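Student: Structure file structure-v7.cif (mmCIF, C-alpha atoms) right here:
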data_run
#
loop_
_atom_site.label_atom_id
_atom_site.label_comp_id
_atom_site.auth_asym_id
_atom_site.auth_seq_id
_atom_site.Cartn_x
_atom_site.Cartn_y
_atom_site.Cartn_z
CA MET A 1 24.52 1.92 41.79
CA ARG A 2 23.72 5.50 40.83
CA VAL A 3 19.96 5.88 40.91
CA VAL A 4 17.84 8.94 40.19
CA ILE A 5 14.26 8.94 41.51
CA LEU A 6 11.62 11.35 40.25
CA GLY A 7 8.84 12.09 42.73
CA CYS A 8 9.28 12.23 46.49
CA GLY A 9 5.88 10.82 47.46
CA ARG A 10 5.27 7.68 49.49
CA VAL A 11 6.89 5.31 46.99
CA GLY A 12 9.71 7.66 45.96
CA SER A 13 10.78 8.55 49.50
CA LEU A 14 10.60 4.96 50.70
CA LEU A 15 12.68 3.78 47.75
CA ALA A 16 15.19 6.60 48.23
CA ASN A 17 15.64 5.78 51.92
CA THR A 18 16.03 2.06 51.23
CA MET A 19 18.48 2.50 48.35
CA ASP A 20 20.47 5.08 50.31
CA LYS A 21 20.78 2.82 53.37
CA ALA A 22 21.99 0.00 51.15
CA GLY A 23 24.92 2.17 50.04
CA ASN A 24 23.75 3.38 46.65
CA GLU A 25 24.26 6.89 45.29
CA VAL A 26 20.73 8.26 45.34
CA THR A 27 19.36 11.52 43.91
CA ILE A 28 15.70 12.37 44.37
CA ILE A 29 13.85 15.04 42.36
CA ASP A 30 10.60 16.74 43.28
CA GLU A 31 9.05 19.96 42.04
CA ASN A 32 8.05 20.81 45.58
CA ALA A 33 10.86 21.07 48.16
CA ASP A 34 8.30 20.50 50.93
CA SER A 35 7.97 16.89 49.78
CA PHE A 36 11.46 16.08 51.02
CA TRP A 37 10.15 15.89 54.61
CA ARG A 38 9.25 12.30 53.84
CA LEU A 39 12.93 11.36 53.59
CA ALA A 40 14.58 9.81 56.64
CA SER A 41 16.51 12.21 58.91
CA ASP A 42 19.74 10.34 58.11
CA TYR A 43 19.11 10.27 54.33
CA GLY A 44 22.52 10.89 52.79
CA GLY A 45 21.63 11.28 49.11
CA GLU A 46 21.08 14.34 46.93
CA LYS A 47 17.86 16.33 46.67
CA VAL A 48 17.01 18.32 43.56
CA THR A 49 14.05 20.70 43.38
CA GLY A 50 12.67 21.12 39.87
CA ILE A 51 10.38 19.91 37.10
CA GLY A 52 11.27 16.36 36.17
CA LEU A 53 10.42 16.87 32.50
CA ASP A 54 13.01 19.60 32.15
CA GLU A 55 16.18 18.20 30.63
CA ASP A 56 18.28 20.77 32.48
CA VAL A 57 16.88 19.59 35.82
CA LEU A 58 17.51 15.97 34.86
CA ARG A 59 21.08 16.83 33.92
CA VAL A 60 21.64 18.56 37.25
CA ALA A 61 20.33 15.40 38.90
CA GLY A 62 23.10 13.50 37.11
CA LEU A 63 21.00 11.54 34.65
CA ASP A 64 23.82 11.35 32.12
CA LYS A 65 25.83 9.28 34.60
CA ALA A 66 22.98 7.34 36.21
CA ASP A 67 22.70 3.56 36.15
CA ALA A 68 18.98 3.68 36.81
CA PHE A 69 16.07 6.11 36.64
CA VAL A 70 12.76 5.62 38.42
CA ALA A 71 9.68 7.80 37.78
CA VAL A 72 7.11 7.60 40.58
CA THR A 73 5.23 10.93 40.54
CA ASN A 74 1.45 10.77 40.89
CA GLY A 75 1.03 11.67 37.20
CA ASP A 76 1.13 8.77 34.75
CA ASN A 77 1.88 11.02 31.81
CA THR A 78 4.69 12.78 33.64
CA ASN A 79 6.24 9.41 34.46
CA VAL A 80 5.88 8.18 30.89
CA MET A 81 7.43 11.30 29.42
CA ALA A 82 10.27 11.54 31.96
CA GLY A 83 10.99 7.83 31.49
CA GLN A 84 11.25 8.22 27.75
CA ILE A 85 13.53 11.26 28.07
CA ALA A 86 15.77 9.23 30.41
CA GLN A 87 15.78 6.29 28.02
CA ARG A 88 16.15 8.04 24.68
CA ARG A 89 17.93 11.27 25.49
CA PHE A 90 20.17 10.26 28.38
CA LYS A 91 20.47 6.54 27.48
CA VAL A 92 20.03 5.47 31.09
CA PRO A 93 20.53 1.66 31.08
CA ARG A 94 17.63 0.85 33.42
CA VAL A 95 14.43 2.91 33.46
CA ILE A 96 11.38 1.95 35.54
CA VAL A 97 8.15 3.95 35.58
CA ARG A 98 5.20 3.45 37.92
CA LEU A 99 1.80 3.89 36.28
CA TYR A 100 -1.74 3.70 37.63
CA ASP A 101 -3.46 3.15 34.27
CA PRO A 102 -3.11 -0.54 33.24
CA ILE A 103 -3.60 0.22 29.56
CA ARG A 104 -0.93 2.87 29.43
CA ALA A 105 1.32 0.49 31.37
CA GLN A 106 0.76 -2.29 28.81
CA THR A 107 1.12 0.03 25.83
CA TYR A 108 4.42 1.54 26.91
CA ARG A 109 5.73 -1.82 28.10
CA LYS A 110 5.18 -3.14 24.57
CA PHE A 111 7.47 -0.53 23.20
CA GLY A 112 10.33 -0.89 25.54
CA LEU A 113 9.60 1.07 28.69
CA GLU A 114 9.68 -0.98 31.87
CA THR A 115 6.37 -0.13 33.51
CA ILE A 116 5.04 -1.22 36.89
CA CYS A 117 1.27 -0.90 37.19
CA THR A 118 0.51 -0.91 40.90
CA SER A 119 -3.25 -0.95 40.20
CA ILE A 120 -3.09 -4.33 38.48
CA ILE A 121 -0.72 -5.78 41.08
CA GLY A 122 -2.79 -4.45 43.98
CA ALA A 123 -6.08 -5.71 42.56
CA GLY A 124 -4.54 -9.10 41.77
CA ILE A 125 -3.12 -9.59 45.26
CA ILE A 126 -6.36 -8.54 46.98
CA ASN A 127 -8.35 -10.81 44.68
CA ASP A 128 -6.10 -13.75 45.56
CA LEU A 129 -6.40 -13.02 49.27
CA LEU A 130 -10.20 -12.88 49.05
CA THR A 131 -10.50 -16.07 47.04
CA GLY A 132 -7.83 -17.95 48.97
CA THR A 133 -5.63 -18.32 45.88
CA PRO A 134 -1.93 -18.72 46.70
CA GLN A 135 0.25 -15.66 46.01
CA ARG A 136 1.80 -15.56 42.56
CA PRO A 137 4.97 -14.04 41.13
CA ILE A 138 4.68 -10.33 40.20
CA GLU A 139 4.95 -11.07 36.45
CA GLU A 140 1.73 -13.04 36.62
CA TYR A 141 -0.15 -10.17 38.21
CA ILE A 142 1.20 -7.78 35.59
CA LYS A 143 -0.23 -10.03 32.86
CA MET A 144 -3.71 -9.81 34.43
CA GLY A 145 -4.53 -6.64 32.49
CA PRO A 146 -8.01 -5.53 31.45
CA ALA A 147 -9.78 -7.15 28.54
CA VAL A 148 -9.26 -4.20 26.21
CA GLU A 149 -5.85 -5.69 25.44
CA HIS A 150 -7.55 -8.38 23.34
CA VAL A 151 -9.72 -5.90 21.48
CA LEU A 152 -6.89 -3.58 20.60
CA PRO A 153 -3.60 -5.07 19.52
CA VAL A 154 -0.62 -2.82 20.20
CA LEU A 155 1.14 -1.79 17.04
CA GLU A 156 4.83 -2.15 16.45
CA ASP A 157 6.77 0.90 17.49
CA LYS A 158 8.23 2.63 14.49
CA ALA A 159 9.84 5.39 16.50
CA ALA A 160 11.79 3.07 18.80
CA SER A 161 13.68 1.41 15.95
CA SER A 162 15.14 4.76 14.93
CA SER A 163 16.66 5.29 18.36
CA GLU A 164 19.98 3.85 17.18
CA ASN A 165 20.50 6.99 15.15
CA GLU A 166 20.69 9.05 18.28
CA GLU A 167 23.99 10.29 19.59
CA GLU A 168 26.04 7.91 21.71
CA ARG A 169 25.77 8.18 25.45
CA LYS A 170 28.74 10.11 26.78
CA MET B 1 -11.68 14.70 7.28
CA TYR B 2 -12.25 13.47 10.84
CA VAL B 3 -10.22 15.40 13.41
CA ILE B 4 -10.06 14.72 17.14
CA VAL B 5 -9.05 17.66 19.29
CA VAL B 6 -7.94 16.96 22.86
CA GLY B 7 -8.13 19.85 25.30
CA GLY B 8 -10.96 22.38 25.45
CA GLY B 9 -8.99 25.49 26.36
CA LYS B 10 -8.86 28.55 24.13
CA VAL B 11 -6.76 26.88 21.45
CA GLY B 12 -8.98 23.79 21.35
CA TYR B 13 -12.15 25.87 21.29
CA TYR B 14 -11.15 28.16 18.43
CA LEU B 15 -9.62 25.29 16.49
CA THR B 16 -12.81 23.23 16.79
CA ARG B 17 -14.96 26.18 15.79
CA THR B 18 -12.79 26.78 12.73
CA LEU B 19 -12.78 23.12 11.71
CA VAL B 20 -16.56 22.86 12.09
CA ALA B 21 -17.04 26.01 10.01
CA GLU B 22 -14.84 24.49 7.30
CA GLY B 23 -17.13 21.47 7.19
CA HIS B 24 -14.88 18.91 8.86
CA GLU B 25 -16.09 16.24 11.23
CA VAL B 26 -14.70 17.11 14.65
CA THR B 27 -14.76 15.76 18.19
CA LEU B 28 -13.39 17.89 21.00
CA VAL B 29 -12.58 16.10 24.28
CA GLU B 30 -12.45 18.04 27.50
CA LYS B 31 -11.66 16.50 30.88
CA ASP B 32 -13.33 19.09 33.11
CA ALA B 33 -17.10 18.49 33.35
CA ARG B 34 -18.04 22.12 33.86
CA ARG B 35 -15.86 23.36 31.02
CA ALA B 36 -17.22 20.60 28.75
CA ALA B 37 -20.82 21.60 29.57
CA ALA B 38 -20.05 25.24 28.79
CA LEU B 39 -18.47 24.29 25.49
CA ARG B 40 -21.41 22.07 24.60
CA THR B 41 -23.94 24.90 24.94
CA GLU B 42 -22.07 26.67 22.19
CA LEU B 43 -20.62 23.95 19.99
CA GLY B 44 -23.17 21.20 20.61
CA GLU B 45 -22.62 17.51 20.04
CA VAL B 46 -19.01 17.76 18.91
CA ILE B 47 -18.03 18.07 22.57
CA THR B 48 -17.23 14.89 24.53
CA ARG B 49 -16.42 14.95 28.20
CA GLY B 50 -13.59 12.61 29.06
CA ASP B 51 -9.90 12.04 29.53
CA GLY B 52 -8.27 12.01 26.11
CA CYS B 53 -5.45 9.82 27.47
CA GLU B 54 -7.83 7.01 28.42
CA VAL B 55 -8.17 4.27 25.83
CA ARG B 56 -11.88 3.88 26.56
CA THR B 57 -12.54 7.54 25.79
CA MET B 58 -10.44 7.20 22.66
CA GLN B 59 -12.52 4.24 21.52
CA GLU B 60 -15.79 6.06 22.17
CA MET B 61 -14.61 8.94 20.01
CA GLY B 62 -13.79 6.60 17.16
CA MET B 63 -10.07 7.20 17.32
CA GLU B 64 -9.38 4.34 14.90
CA ARG B 65 -11.04 6.22 12.04
CA ALA B 66 -9.54 9.63 12.86
CA ASP B 67 -7.41 11.19 10.13
CA CYS B 68 -5.73 13.51 12.52
CA VAL B 69 -5.37 13.96 16.29
CA VAL B 70 -4.49 17.32 17.74
CA ALA B 71 -3.45 17.55 21.41
CA VAL B 72 -3.66 21.10 22.69
CA THR B 73 -3.94 20.84 26.47
CA GLY B 74 -1.82 23.06 28.66
CA ASP B 75 0.33 20.12 29.77
CA ASP B 76 3.07 18.86 27.49
CA GLU B 77 3.16 15.40 29.06
CA ASP B 78 -0.56 14.93 28.37
CA ASN B 79 -0.17 16.09 24.77
CA LEU B 80 2.69 13.63 24.28
CA VAL B 81 0.76 10.68 25.68
CA VAL B 82 -2.36 11.49 23.61
CA CYS B 83 -0.27 11.48 20.43
CA GLN B 84 1.68 8.34 21.32
CA MET B 85 -1.44 6.40 22.32
CA ALA B 86 -3.19 7.55 19.13
CA LYS B 87 -0.27 6.30 17.07
CA HIS B 88 0.49 3.06 18.88
CA ARG B 89 -2.99 1.93 19.79
CA PHE B 90 -5.05 3.31 16.93
CA GLU B 91 -2.59 3.84 14.09
CA VAL B 92 -3.68 7.45 13.53
CA ALA B 93 -1.76 8.77 10.54
CA ARG B 94 -1.15 12.29 11.71
CA THR B 95 -0.60 13.56 15.24
CA ILE B 96 -0.08 17.19 16.16
CA ALA B 97 0.93 18.39 19.62
CA ARG B 98 1.00 21.80 21.15
CA VAL B 99 4.26 22.23 23.01
CA ASN B 100 4.19 24.69 25.86
CA ASP B 101 7.88 24.49 26.71
CA PRO B 102 9.76 25.07 23.42
CA LYS B 103 12.53 22.79 24.69
CA ASN B 104 10.14 19.86 24.30
CA GLU B 105 9.77 20.22 20.52
CA GLU B 106 12.86 18.16 19.89
CA ILE B 107 11.99 15.38 22.35
CA PHE B 108 8.44 15.14 20.93
CA ALA B 109 9.83 14.64 17.43
CA LEU B 110 12.23 12.02 18.79
CA LEU B 111 9.32 10.22 20.46
CA GLY B 112 7.26 9.98 17.28
CA VAL B 113 4.89 12.96 17.31
CA ASP B 114 4.42 14.06 13.69
CA HIS B 115 4.12 17.80 14.20
CA THR B 116 4.72 20.09 17.12
CA LEU B 117 3.69 23.67 17.54
CA SER B 118 5.12 26.00 20.13
CA GLY B 119 3.31 29.28 20.61
CA THR B 120 6.23 30.53 22.68
CA ARG B 121 8.68 29.89 19.87
CA LEU B 122 6.43 31.39 17.21
CA ILE B 123 5.99 34.63 19.12
CA TYR B 124 9.65 34.70 20.01
CA SER B 125 10.75 34.33 16.41
CA LEU B 126 8.37 37.10 15.36
CA ILE B 127 9.91 39.38 17.98
CA GLN B 128 13.36 38.39 16.75
CA GLN B 129 12.41 39.34 13.21
CA GLU B 130 11.63 42.85 14.39
CA VAL B 131 14.64 43.20 16.65
CA ASP B 132 17.43 41.73 14.61
CA VAL B 133 17.70 43.66 11.38
CA GLY B 134 20.89 42.47 9.75
CA GLU B 135 20.76 39.23 11.71
CA MET B 136 19.79 35.69 10.91
CA VAL B 137 16.45 34.62 12.30
CA LEU B 138 15.39 31.06 12.97
CA LEU B 139 12.03 30.50 11.29
CA SER B 140 11.47 26.82 11.87
CA ALA B 141 13.21 23.54 12.54
CA LEU B 142 12.86 20.26 10.66
CA LYS B 143 13.98 16.70 11.38
CA ALA B 144 14.02 17.08 15.16
CA GLY B 145 16.05 20.28 14.97
CA LYS B 146 18.80 18.85 12.75
CA ILE B 147 17.87 21.19 9.91
CA GLU B 148 16.84 24.79 10.41
CA ILE B 149 15.11 27.26 8.16
CA VAL B 150 16.55 30.72 8.66
CA SER B 151 16.02 34.12 7.13
CA ALA B 152 18.48 36.97 6.75
CA GLU B 153 17.77 40.51 5.65
CA LEU B 154 20.58 42.00 3.60
CA THR B 155 21.85 45.43 4.60
CA GLU B 156 24.18 47.47 2.39
CA GLU B 157 27.20 46.06 4.31
CA ALA B 158 26.27 42.46 3.52
CA PRO B 159 29.12 40.96 1.48
CA VAL B 160 26.78 39.17 -0.91
CA VAL B 161 25.04 42.35 -2.08
CA GLY B 162 25.88 42.93 -5.73
CA LYS B 163 27.11 39.36 -6.21
CA ILE B 164 25.42 36.52 -8.04
CA LEU B 165 24.57 33.23 -6.36
CA GLN B 166 27.05 31.04 -8.26
CA ASP B 167 29.97 33.21 -7.08
CA ILE B 168 29.12 32.70 -3.43
CA ARG B 169 30.73 29.91 -1.45
CA LEU B 170 28.07 28.63 0.89
CA PRO B 171 28.89 26.14 3.65
CA LYS B 172 28.36 22.65 2.30
CA SER B 173 24.83 21.31 2.72
CA SER B 174 23.44 24.81 3.21
CA VAL B 175 20.88 25.80 0.59
CA ILE B 176 19.34 29.10 -0.44
CA ALA B 177 15.66 28.26 -0.74
CA ALA B 178 14.24 31.59 -1.86
CA LEU B 179 14.82 35.30 -2.05
CA ILE B 180 12.16 37.77 -1.07
CA ARG B 181 12.41 41.12 -2.82
CA GLU B 182 9.79 43.72 -1.96
CA GLU B 183 6.79 41.42 -1.89
CA SER B 184 7.74 38.95 -4.58
CA VAL B 185 9.34 35.57 -4.07
CA LEU B 186 12.28 34.77 -6.32
CA LEU B 187 13.45 31.22 -6.87
CA PRO B 188 17.20 30.91 -6.69
CA SER B 189 19.23 30.55 -9.88
CA GLY B 190 22.99 30.73 -10.42
CA THR B 191 22.81 34.18 -11.96
CA MET B 192 20.47 35.69 -9.40
CA GLU B 193 21.94 38.87 -7.93
CA PHE B 194 21.56 39.74 -4.28
CA MET B 195 20.36 43.26 -3.54
CA GLU B 196 20.17 45.42 -0.46
CA GLY B 197 16.86 44.91 1.32
CA ASP B 198 16.44 41.35 0.06
CA THR B 199 15.42 38.68 2.54
CA VAL B 200 17.26 35.41 2.02
CA ILE B 201 15.54 32.20 3.12
CA ALA B 202 18.01 29.38 3.66
CA LEU B 203 18.14 25.83 5.00
CA ALA B 204 21.15 24.80 7.04
CA HIS B 205 22.39 22.48 9.75
CA PRO B 206 22.61 24.35 13.05
CA GLU B 207 26.40 23.85 13.22
CA ASP B 208 26.88 25.51 9.81
CA GLU B 209 24.91 28.60 10.71
CA PRO B 210 27.81 30.76 11.94
CA THR B 211 29.60 30.20 8.61
CA LEU B 212 26.43 30.83 6.63
CA ARG B 213 25.83 34.04 8.53
CA THR B 214 29.35 35.32 7.91
CA CYS B 215 28.97 34.40 4.26
CA LEU B 216 25.66 36.24 3.82
CA LEU B 217 25.86 39.07 6.33
CA GLY B 218 29.59 39.43 6.92
CA GLY B 219 31.90 40.00 9.89
CA VAL B 220 30.93 40.41 13.49
CA THR B 221 27.47 39.11 14.08
CA LYS B 222 25.87 37.08 16.75
CA SER B 223 24.14 33.75 16.47
CA PRO B 224 20.39 33.37 16.32
CA ILE B 225 19.66 33.20 20.02
CA THR B 226 17.79 29.94 19.83
CA THR B 227 20.79 28.02 18.55
CA ALA B 228 23.70 29.99 19.98
CA THR B 229 26.23 28.32 22.24
CA GLU B 230 28.17 30.34 24.79
CA GLU B 231 31.34 30.20 22.72
CA GLU B 232 29.65 31.51 19.62
CA ARG B 233 28.17 34.36 21.56
CA LYS B 234 31.59 35.43 22.83
CA LYS B 235 33.05 35.70 19.32
#
I'd like the structure from this file rewritten - as structure tokens, please.
Tutor:
Amino acid sequence: MRVVILGCGRVGSLLANTMDKAGNEVTIIDENADSFWRLASDYGGEKVTGIGLDEDVLRVAGLDKADAFVAVTNGDNTNVMAGQIAQRRFKVPRVIVRLYDPIRAQTYRKFGLETICTSIIGAGIINDLLTGTPQRPIEEYIKMGPAVEHVLPVLEDKAASSSENEEERK
Amino acid sequence: MYVIVVGGGKVGYYLTRTLVAEGHEVTLVEKDARRAAALRTELGEVITRGDGCEVRTMQEMGMERADCVVAVTGDDEDNLVVCQMAKHRFEVARTIARVNDPKNEEIFALLGVDHTLSGTRLIYSLIQQEVDVGEMVLLSALKAGKIEIVSAELTEEAPVVGKILQDIRLPKSSVIAALIREESVLLPSGTMEFMEGDTVIALAHPEDEPTLRTCLLGGVTKSPITTATEEERKK
């Protein structure tokens, strides 16, 4: 699998090392070249230094040929924007973005972006440990969002339905 | 009209001041506590301290009754998320985003932001207007960059000078929108004659622009820099 990872922090570097060891073609992007120290010494994938919201940087990273794109910078909005560029502009088949804000995670999930909210999952697991509740599948934790979800229904995405008009993926 | 402005930098500040002076209801959200306090001493209760990307802040500001949301922070990704959350969570009719990197204008339109504004592009096109006499200048783009509004100033060498509009073969789907002569605006008609010094305002698809340029301005000219490809530049 050709996977491009944006953000060489704890999650990004760990994922890059794991995917690389398993024989995937990995490219990792970070705006700060110093961040690459987190990669294993035998990491065999590509490293790209640049802003992950810049289409030219994403193209250099091979996004037009990627099977998957993962955005795990420490900025929710950066991840959301990069993920949507990957999805809509580069037509990457699988896009996963990590978000801290549960509401943003739910909102963007509703209109087609695969979001992983580590805050909800972390809180859910710790809660279960404290209360002695058996561990549950990840999907169940993801559903344990904050109550605002009931107050504010997410609207249908009008923009997403027009995505078919976009040029075909080369 | 109720307008929510996100981002209390210079743009947000002057915009809020203008809107208040015009009698609109305005809320300006600023994330930084110190900046928000400074703004409040001058603009008063219209200032809210908070993160404009957080749904709770949005609710407190009454986002659901806003007529318009304007995101003018210095970070494009924040401006995008403010506009998308406003649209998808609160059904705000009109969202406007400041785009710092002009390359993002197209992607913002694709992702559902109603209007984008790039200071960089505006200034650049003004410079172009001064530099490129006898050239076509990109004024603005519509429909996510698929249609462009261009202007061309006619020199005495321009092949259309002395001709009337109906005798000119424009590329298909290109339209002459107006003619500016001295300081008056002329609406195009079939018998309108082009004169030296006129400024032609036209709408065209980017791919038709080289043909349109040759048609209006003649022979060896270069593309408007913002839409030129390498090949076109070599010609």
Student: Taking all atoms listed in the file into account, name the residue in A:Arg136, A:Arg88, A:Lys65, A:Arg94 that is nearest to chain B.
Tutor: A:Arg88
Student: To one decimal in Å, tell me the separation between atom CA of B:Glu135 and atom CA of B:Ile147.
Tutor: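 Pair atom CA of B:Glu135 / atom CA of B:Ile147 returns 18.4 Å.
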Student: Once the PyMOL selection byres ((chain B and resi 187-191) around 10) has been applied to the shown file, what residues remain in the selection, as number ranges by chain?
Tutor: B: 163-168, 175-180, 184-186, 192-194, 200
Student: Do you know which residues are at most 8 Å from stretch 107-110 of chain A counting all atoms listed in the file, after dropping those on the same chain fewer than 5 positions away, and could you put them as number ranges by chain?
Tutor: A: 80, 115, 154; B: 85, 88-89
Student: Name the closest residue to chain B among the candidates A:Asn24, A:Gln135, A:Thr18, A:Thr78; distances are taken between atoms, counting only C-alpha atoms.
Tutor: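 Selected residue with least distance to chain B: A:Thr78.
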Student: For this file, the PyMOL selection byres ((chain B and resi 105) around 9) selects which residues, as a PyMOL selection string?
Tutor: chain B and resi 98-104+106-110+115-118+144-145
Student: What is the distance between atom CA of A:Glu140 and atom CA of A:Arg10, in Å to one decimal?
Tutor: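 It comes out at 24.6 Å.
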Student: Nearest to chain B: which of A:Leu113, A:Met144, A:Met81, A:Ala105 is it, counting only C-alpha atoms?
Tutor: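 Checking each candidate against chain B, we get A:Met81 as the closest.
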Student: Can you tell me which residues surround A:Gly23 at a distance of at most 12 Å, considering all atoms listed in the file, apart from same-chain residues fewer than 6 positions away, and format the answer as number ranges by chain?
Tutor: A: 1-3, 16-17, 43-45
Student: List the residues selected by the PyMOL selection byres ((chain B) within 7 of (chain A)) in the file shown, writing them as a PDB file with C-alpha atoms, keeping the file's coordinate frame.
Tutor:
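part-v7.pdb was written with the following content:
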ATOM      1  CA  GLU B  77       3.160  15.400  29.060  1.00  0.00           C
ATOM      2  CA  ASP B  78      -0.560  14.930  28.370  1.00  0.00           C
ATOM      3  CA  VAL B  81       0.760  10.680  25.680  1.00  0.00           C
ATOM      4  CA  HIS B  88       0.490   3.060  18.880  1.00  0.00           C
ATOM      5  CA  ARG B  89      -2.990   1.930  19.790  1.00  0.00           C
ATOM      6  CA  LEU B 111       9.320  10.220  20.460  1.00  0.00           C
ATOM      7  CA  GLY B 112       7.260   9.980  17.280  1.00  0.00           C
TER       8      GLY B 112
END
Student: Report the distance between atom CA of A:Val95 and atom CA of A:Ala68 in Å, rounded to one decimal place.
Tutor: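 Atom CA of A:Ala68 lies at a distance of 5.7 Å from atom CA of A:Val95.
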Student: Take the point (-16.3, 13.9, 18.2) in the file's coordinates, draw a sphere of radius 7 Å around it, and report as a list of chain:residue names every protein, DNA or RNA residue with an atom inside or on it, counting all atoms listed in the file.
Tutor: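 The residues that fall inside the cut-off are B:Ile4, B:Val26, B:Thr27, B:Leu28, B:Val46, B:Ile47, B:Thr48, B:Met61.
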Student: Counting only C-alpha atoms, which of B:Ala66, B:Asp76, B:Glu157, B:Ser151 gets nearest to B:His24?
Tutor: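 Closest residue, counting only C-alpha atoms: B:Ala66.
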Student: Find the spatial neighbours of B:Val29, counting all atoms listed in the file, within a cut-off of 10 Å - ignore same-chain residues fewer than 3 positions away - and output them as a list in words.
Tutor: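 Final neighbour list, sorted by chain and number: Ile4, Val5, Val6, Gly7, Gly8, Gly12, Val26, Asp32, Ala36, Val46, Ile47, Thr48, Arg49, Gly50, Asp51, Gly52, Thr57, Met58, Met61 and Ala71 of chain B.
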